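Student: Next comes final.cif, mmCIF, C-alpha atoms:
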```
data_target
#
loop_
_atom_site.label_atom_id
_atom_site.label_comp_id
_atom_site.auth_asym_id
_atom_site.auth_seq_id
_atom_site.Cartn_x
_atom_site.Cartn_y
_atom_site.Cartn_z
CA MET L 154 60.64 22.28 -37.05
CA THR L 155 57.04 21.48 -36.70
CA LYS L 156 55.77 17.98 -36.38
CA ILE L 157 52.60 16.92 -38.06
CA ILE L 158 50.59 14.25 -36.35
CA ALA L 159 48.18 12.39 -38.54
CA ILE L 160 45.22 10.67 -36.94
CA ASP L 161 43.30 8.11 -38.88
CA ARG L 162 39.57 9.02 -38.88
CA LYS L 163 38.55 5.45 -38.19
CA TYR L 164 40.38 5.47 -34.81
CA PHE L 165 39.10 8.94 -33.94
CA VAL L 166 35.47 7.88 -34.55
CA MET L 167 35.95 4.71 -32.48
CA VAL L 168 37.43 6.61 -29.51
CA ALA L 169 34.70 9.27 -29.71
CA SER L 170 31.96 6.55 -29.88
CA VAL L 171 33.32 4.76 -26.81
CA PHE L 172 33.44 8.09 -24.93
CA VAL L 173 29.81 8.90 -25.86
CA ILE L 174 28.61 5.40 -24.86
CA CYS L 175 30.39 5.70 -21.49
CA LEU L 176 28.83 9.14 -20.94
CA ILE L 177 25.31 7.84 -21.73
CA GLY L 178 25.85 4.82 -19.44
CA PHE L 179 27.01 7.04 -16.57
CA ALA L 180 24.02 9.38 -17.01
CA GLY L 181 21.59 6.41 -17.13
CA PHE L 182 23.09 4.86 -14.01
CA SER L 183 22.83 8.18 -12.16
CA LEU L 184 19.16 8.57 -13.14
CA TRP L 185 18.44 4.95 -12.16
CA GLN L 186 19.86 5.52 -8.66
CA ASN L 187 17.71 8.66 -8.23
CA THR L 188 14.59 6.76 -9.35
CA GLN L 189 15.30 3.90 -6.95
CA ALA L 190 15.76 6.34 -4.06
CA SER L 191 12.45 8.08 -4.73
CA VAL L 192 10.57 4.77 -5.10
CA SER L 193 11.82 3.50 -1.75
CA LYS L 194 10.80 6.79 -0.18
CA ILE L 195 7.23 6.39 -1.50
CA ASN L 196 6.93 2.77 -0.32
CA SER L 197 7.81 3.57 3.27
CA ILE L 198 5.54 2.60 6.16
CA PRO L 199 1.91 3.42 5.27
CA GLU L 200 -0.11 5.77 7.45
CA ILE L 201 -2.83 3.15 7.86
CA LYS L 202 -1.71 -0.47 7.76
CA MET L 203 -4.03 -3.37 6.91
CA LEU L 204 -3.41 -6.00 9.61
CA GLY L 205 -5.88 -8.70 8.66
CA VAL L 206 -9.05 -9.79 6.91
CA THR L 207 -11.64 -12.11 8.44
CA VAL L 208 -14.57 -13.66 6.60
CA GLU L 209 -17.72 -14.68 8.47
CA PRO L 210 -18.84 -17.45 8.18
CA THR L 211 -15.34 -18.89 8.22
CA SER L 212 -13.64 -19.49 4.89
CA ILE L 213 -11.40 -22.50 4.28
CA VAL L 214 -8.27 -23.12 2.21
CA LYS L 215 -8.67 -26.09 -0.08
CA ASP L 216 -7.55 -27.54 -3.41
CA LEU L 217 -10.48 -27.46 -5.84
CA THR L 218 -10.83 -29.45 -9.07
CA TYR L 219 -13.18 -28.44 -11.89
CA GLY L 220 -12.90 -30.89 -14.79
CA SER L 221 -9.22 -30.87 -15.78
CA VAL L 222 -8.42 -27.63 -13.91
CA THR L 223 -7.11 -27.81 -10.33
CA LEU L 224 -6.86 -24.70 -8.17
CA LYS L 225 -4.30 -25.28 -5.40
CA GLY L 226 -4.65 -23.68 -1.98
CA THR L 227 -7.76 -21.67 -2.86
CA GLN L 228 -9.52 -19.54 -0.25
CA VAL L 229 -13.12 -20.85 -0.42
CA ILE L 230 -16.28 -19.23 0.88
CA THR L 231 -19.15 -21.72 0.97
CA THR L 232 -22.05 -19.25 1.23
CA LYS L 233 -23.48 -16.72 -1.20
CA THR L 234 -23.73 -14.01 1.48
CA PHE L 235 -20.93 -13.23 3.93
CA ASP L 236 -19.44 -10.56 6.19
CA LEU L 237 -15.95 -9.15 5.81
CA VAL L 238 -14.11 -7.66 8.79
CA VAL L 239 -10.85 -5.77 8.18
CA THR L 240 -8.45 -4.78 10.97
CA VAL L 241 -6.43 -1.59 10.38
CA GLN L 242 -3.85 0.28 12.45
CA ASN L 243 -2.86 3.95 12.58
CA MET L 244 0.92 3.91 12.06
CA THR L 245 1.38 7.66 12.68
CA ALA L 246 1.63 9.82 15.79
CA LYS L 247 -1.47 11.84 14.88
CA LYS L 248 -5.18 11.24 15.41
CA MET L 249 -7.18 10.57 12.25
CA THR L 250 -10.85 11.45 11.83
CA ASN L 251 -13.44 10.81 9.11
CA VAL L 252 -11.22 8.33 7.27
CA PRO L 253 -12.89 7.41 3.95
CA VAL L 254 -12.90 3.63 3.34
CA GLU L 255 -14.15 1.87 0.20
CA LEU L 256 -14.81 -1.82 -0.41
CA GLN L 257 -14.97 -3.08 -3.97
CA VAL L 258 -16.06 -6.62 -4.84
CA SER L 259 -15.58 -7.78 -8.41
CA LEU L 260 -15.88 -11.04 -10.31
CA ILE L 261 -12.49 -11.90 -11.80
CA GLY L 262 -12.70 -12.03 -15.58
CA ASP L 263 -15.99 -10.09 -15.81
CA ASP L 264 -15.53 -6.31 -15.42
CA THR L 265 -19.28 -5.72 -15.66
CA LYS L 266 -19.90 -7.45 -12.31
CA LYS L 267 -18.56 -5.05 -9.71
CA VAL L 268 -20.02 -3.65 -6.48
CA THR L 269 -18.60 -0.74 -4.46
CA ALA L 270 -19.54 0.07 -0.87
CA PRO L 271 -18.27 3.31 0.72
CA GLY L 272 -17.74 3.76 4.44
CA THR L 273 -16.15 6.09 6.99
CA LEU L 274 -13.99 5.33 9.99
CA GLN L 275 -14.97 8.05 12.47
CA SER L 276 -11.78 8.20 14.55
CA LEU L 277 -8.44 6.40 14.81
CA GLU L 278 -6.03 7.29 17.61
CA PRO L 279 -2.21 7.14 17.09
CA GLY L 280 -0.98 3.53 17.14
CA SER L 281 -4.44 2.11 17.79
CA THR L 282 -6.29 -0.50 15.75
CA ALA L 283 -9.87 -0.55 14.50
CA ARG L 284 -12.13 -3.10 12.89
CA ILE L 285 -14.18 -2.18 9.85
CA ALA L 286 -17.09 -4.53 9.14
CA PHE L 287 -18.89 -4.83 5.82
CA ARG L 288 -22.04 -6.89 6.40
CA GLN L 289 -24.19 -8.99 4.09
CA ILE L 290 -21.92 -8.90 1.02
CA LYS L 291 -23.57 -10.83 -1.80
CA ALA L 292 -21.39 -13.04 -3.99
CA LEU L 293 -21.38 -12.06 -7.66
CA GLY L 294 -20.89 -15.63 -8.86
CA ASP L 295 -20.85 -19.24 -7.67
CA ALA L 296 -18.66 -22.03 -9.04
CA LEU L 297 -21.36 -24.59 -8.08
CA GLY L 298 -18.73 -27.35 -8.29
CA LYS L 299 -18.59 -26.98 -12.09
CA SER L 300 -16.64 -23.87 -13.16
CA ALA L 301 -13.12 -22.80 -12.19
CA THR L 302 -13.85 -19.17 -13.08
CA ALA L 303 -17.53 -18.58 -12.23
CA GLY L 304 -16.89 -18.05 -8.51
CA GLN L 305 -13.53 -16.26 -8.47
CA HIS L 306 -13.81 -12.91 -6.68
CA LEU L 307 -11.43 -10.06 -5.90
CA ILE L 308 -12.08 -7.84 -2.89
CA THR L 309 -10.18 -4.56 -2.77
CA LEU L 310 -10.23 -2.38 0.32
CA ARG L 311 -9.07 1.22 -0.12
CA VAL L 312 -8.37 3.84 2.51
CA LYS L 313 -8.63 7.17 0.71
CA PRO L 314 -6.79 10.38 1.61
CA ASN L 315 -8.53 13.01 3.73
CA PRO L 316 -6.00 15.75 4.58
CA GLU L 317 -8.51 17.54 6.84
CA GLY L 318 -8.88 14.34 8.88
CA GLY L 319 -5.15 13.61 9.02
CA VAL L 320 -4.87 11.00 6.24
CA GLU L 321 -2.36 12.15 3.62
CA GLU L 322 -1.87 9.01 1.52
CA ALA L 323 -4.04 6.22 0.13
CA THR L 324 -3.65 2.59 1.18
CA GLU L 325 -5.00 -0.42 -0.68
CA ALA L 326 -5.16 -4.18 -0.04
CA SER L 327 -6.64 -6.99 -2.14
CA PHE L 328 -8.00 -10.39 -1.24
CA ARG L 329 -8.83 -13.20 -3.72
CA PHE L 330 -11.27 -16.00 -2.99
CA ASN L 331 -13.59 -18.46 -4.66
CA VAL L 332 -17.30 -18.84 -3.88
CA ASP L 333 -18.46 -22.44 -4.24
CA SER L 334 -21.65 -23.32 -2.38
CA THR L 335 -21.18 -27.05 -3.11
CA VAL L 336 -18.01 -27.30 -0.99
CA LYS L 337 -18.69 -28.87 2.39
CA LEU L 338 -17.01 -27.45 5.50
CA PRO L 339 -14.84 -29.89 7.44
CA THR L 340 -16.31 -31.00 10.77
CA THR L 341 -13.59 -29.04 12.63
CA VAL L 342 -14.84 -25.72 11.15
CA LYS L 343 -18.11 -24.55 12.66
CA LYS L 344 -20.51 -22.18 10.92
CA GLN L 345 -21.31 -19.08 12.93
#
```
Take the structure in the file and write it out as structure tokens.

Tutor:
Amino acid sequence: MTKIIAIDRKYFVMVASVFVICLIGFAGFSLWQNTQASVSKINSIPEIKMLGVTVEPTSIVKDLTYGSVTLKGTQVITTKTFDLVVTVQNMTAKKMTNVPVELQVSLIGDDTKKVTAPGTLQSLEPGSTARIAFRQIKALGDALGKSATAGQHLITLRVKPNPEGGVEEATEASFRFNVDSTVKLPTTVKKQ
């Protein structure tokens, strides 16, 4: 004798739906792990590492108040013209030559006010450091003790790839500060 097994469609659809959802979840989790692995591979140690930024004359960190707006721990430059010195290090075991470097200064909130200065680092030995100086940078705005936004600047330093010179990947670092010529330097900070 043959036995006939009857399956209610409602239960068959439910079991099939759960199976499909589990399959999609497993595939998504597998893709997510692959994406995470490739992202961590990209964000490994950069070829050229930015070690520090120095502003001349010396900048100060201070809380600034403009009307009802208070900016806490703001990096303040008190002059309208300044020098920026960036220290970089070659993190590879190969010598780099003719490394293209670009400095971009922009006024935060106003995309029309932007200045770009190109430069070249002639040579950088393996593991060594170098200082790149950008002189006489003119501020694009000044808060003048009145505006919280008029003096906010963003400096972006980019090291561009140059495969012929040994630089395979780009590196970028940003620095935010406020220019306010009405801020007085404390007596412990000397102008240079």

Student: Which of these residues is nearest to L:Gly294, using all atoms listed in the file: L:Asp333, L:Glu255, L:Glu317, L:Asp264?

Tutor: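 Selected residue with least distance to L:Gly294: L:Asp333.
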
Student: Have a look at atom CA of L:Ala292 and atom CA of L:Thr207 and let me know their distance in Å, one decimal.

Tutor: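 Computed distance, atom CA of L:Ala292 to atom CA of L:Thr207, equals 15.8 Å.
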
Student: Would you pick out the contacts of L:Glu325 at 7 Å or less, using only C-alpha atoms, so that residues sharing its chain but fewer than 5 positions from it are not included, and give the list as a ChimeraX atom specification?

Tutor: /L:309-312

Student: With all atoms listed in the file as the atoms that count, which of L:Thr232, L:Thr265, L:Thr240, L:Thr245 lies nearest to L:Phe287?

Tutor: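 Distance minimum relative to L:Phe287 lands on L:Thr240.
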
Student: As an exercise, work out the distance from atom CA of L:Lys313 to atom CA of L:Gln242 in Å and give it to one decimal place.

Tutor: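 Atom-to-atom, atom CA of L:Lys313 to atom CA of L:Gln242, that is 14.4 Å.
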
Student: Given the file shown, enumerate the residues that the PyMOL selection byres ((chain L and resi 302-305) around 12) captures and present them as a PDB file with C-alpha atoms, keeping the file's coordinate frame.

Tutor:
```pdb
ATOM      1  CA  LEU L 217     -10.480 -27.460  -5.840  1.00  0.00           C
ATOM      2  CA  THR L 218     -10.830 -29.450  -9.070  1.00  0.00           C
ATOM      3  CA  TYR L 219     -13.180 -28.440 -11.890  1.00  0.00           C
ATOM      4  CA  GLY L 220     -12.900 -30.890 -14.790  1.00  0.00           C
ATOM      5  CA  VAL L 222      -8.420 -27.630 -13.910  1.00  0.00           C
ATOM      6  CA  THR L 223      -7.110 -27.810 -10.330  1.00  0.00           C
ATOM      7  CA  LEU L 224      -6.860 -24.700  -8.170  1.00  0.00           C
ATOM      8  CA  THR L 227      -7.760 -21.670  -2.860  1.00  0.00           C
ATOM      9  CA  GLN L 228      -9.520 -19.540  -0.250  1.00  0.00           C
ATOM     10  CA  VAL L 229     -13.120 -20.850  -0.420  1.00  0.00           C
ATOM     11  CA  ILE L 230     -16.280 -19.230   0.880  1.00  0.00           C
ATOM     12  CA  THR L 231     -19.150 -21.720   0.970  1.00  0.00           C
ATOM     13  CA  THR L 232     -22.050 -19.250   1.230  1.00  0.00           C
ATOM     14  CA  LYS L 233     -23.480 -16.720  -1.200  1.00  0.00           C
ATOM     15  CA  VAL L 258     -16.060  -6.620  -4.840  1.00  0.00           C
ATOM     16  CA  SER L 259     -15.580  -7.780  -8.410  1.00  0.00           C
ATOM     17  CA  LEU L 260     -15.880 -11.040 -10.310  1.00  0.00           C
ATOM     18  CA  ILE L 261     -12.490 -11.900 -11.800  1.00  0.00           C
ATOM     19  CA  GLY L 262     -12.700 -12.030 -15.580  1.00  0.00           C
ATOM     20  CA  ASP L 263     -15.990 -10.090 -15.810  1.00  0.00           C
ATOM     21  CA  LYS L 266     -19.900  -7.450 -12.310  1.00  0.00           C
ATOM     22  CA  LYS L 291     -23.570 -10.830  -1.800  1.00  0.00           C
ATOM     23  CA  ALA L 292     -21.390 -13.040  -3.990  1.00  0.00           C
ATOM     24  CA  LEU L 293     -21.380 -12.060  -7.660  1.00  0.00           C
ATOM     25  CA  GLY L 294     -20.890 -15.630  -8.860  1.00  0.00           C
ATOM     26  CA  ASP L 295     -20.850 -19.240  -7.670  1.00  0.00           C
ATOM     27  CA  ALA L 296     -18.660 -22.030  -9.040  1.00  0.00           C
ATOM     28  CA  LEU L 297     -21.360 -24.590  -8.080  1.00  0.00           C
ATOM     29  CA  GLY L 298     -18.730 -27.350  -8.290  1.00  0.00           C
ATOM     30  CA  LYS L 299     -18.590 -26.980 -12.090  1.00  0.00           C
ATOM     31  CA  SER L 300     -16.640 -23.870 -13.160  1.00  0.00           C
ATOM     32  CA  ALA L 301     -13.120 -22.800 -12.190  1.00  0.00           C
ATOM     33  CA  HIS L 306     -13.810 -12.910  -6.680  1.00  0.00           C
ATOM     34  CA  LEU L 307     -11.430 -10.060  -5.900  1.00  0.00           C
ATOM     35  CA  ILE L 308     -12.080  -7.840  -2.890  1.00  0.00           C
ATOM     36  CA  PHE L 328      -8.000 -10.390  -1.240  1.00  0.00           C
ATOM     37  CA  ARG L 329      -8.830 -13.200  -3.720  1.00  0.00           C
ATOM     38  CA  PHE L 330     -11.270 -16.000  -2.990  1.00  0.00           C
ATOM     39  CA  ASN L 331     -13.590 -18.460  -4.660  1.00  0.00           C
ATOM     40  CA  VAL L 332     -17.300 -18.840  -3.880  1.00  0.00           C
ATOM     41  CA  ASP L 333     -18.460 -22.440  -4.240  1.00  0.00           C
ATOM     42  CA  SER L 334     -21.650 -23.320  -2.380  1.00  0.00           C
ATOM     43  CA  THR L 335     -21.180 -27.050  -3.110  1.00  0.00           C
ATOM     44  CA  VAL L 336     -18.010 -27.300  -0.990  1.00  0.00           C
TER      45      VAL L 336
END
```

Student: Report, in Å with one decimal, the straight-line distance from atom CA of L:Gly280 to atom CA of L:Ala323.

Tutor: 17.5 Å

Student: Would you mind listing what lies within 12 Å of L:Asn243 as a ChimeraX atom specification, with all atoms listed in the file counted and same-chain residues fewer than 5 positions away left out?

Tutor: /L:198-204,248-250,252,274,276-284,312,319-320,324

Student: Can you tell me, as lines of an AutoDock Vina configuration file, the centre and edge lengths (Å, one decimal) of the axis-aligned box enclosing all of stretch 241-253 of chain L's listed atoms after padding each side by 5 Å?

Tutor:
```
center_x = -5.9
center_y = 5.1
center_z = 9.9
size_x = 25.1
size_y = 23.4
size_z = 21.8
```

Student: Between L:Pro253, L:Gly226, L:Pro339, L:Pro314, which one has atoms that come closest to L:Pro271, using only C-alpha atoms?

Tutor: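 Looking at the shortest contact to L:Pro271, the residue is L:Pro253.
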
Student: Considering all atoms listed in the file, state which residue in the set L:Ile290, L:Leu176, L:Val238, L:Ala246 is at the smallest distance from L:Lys267.

Tutor: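 Between L:Ile290, L:Leu176, L:Val238, L:Ala246, the residue approaching L:Lys267 most closely is L:Ile290.
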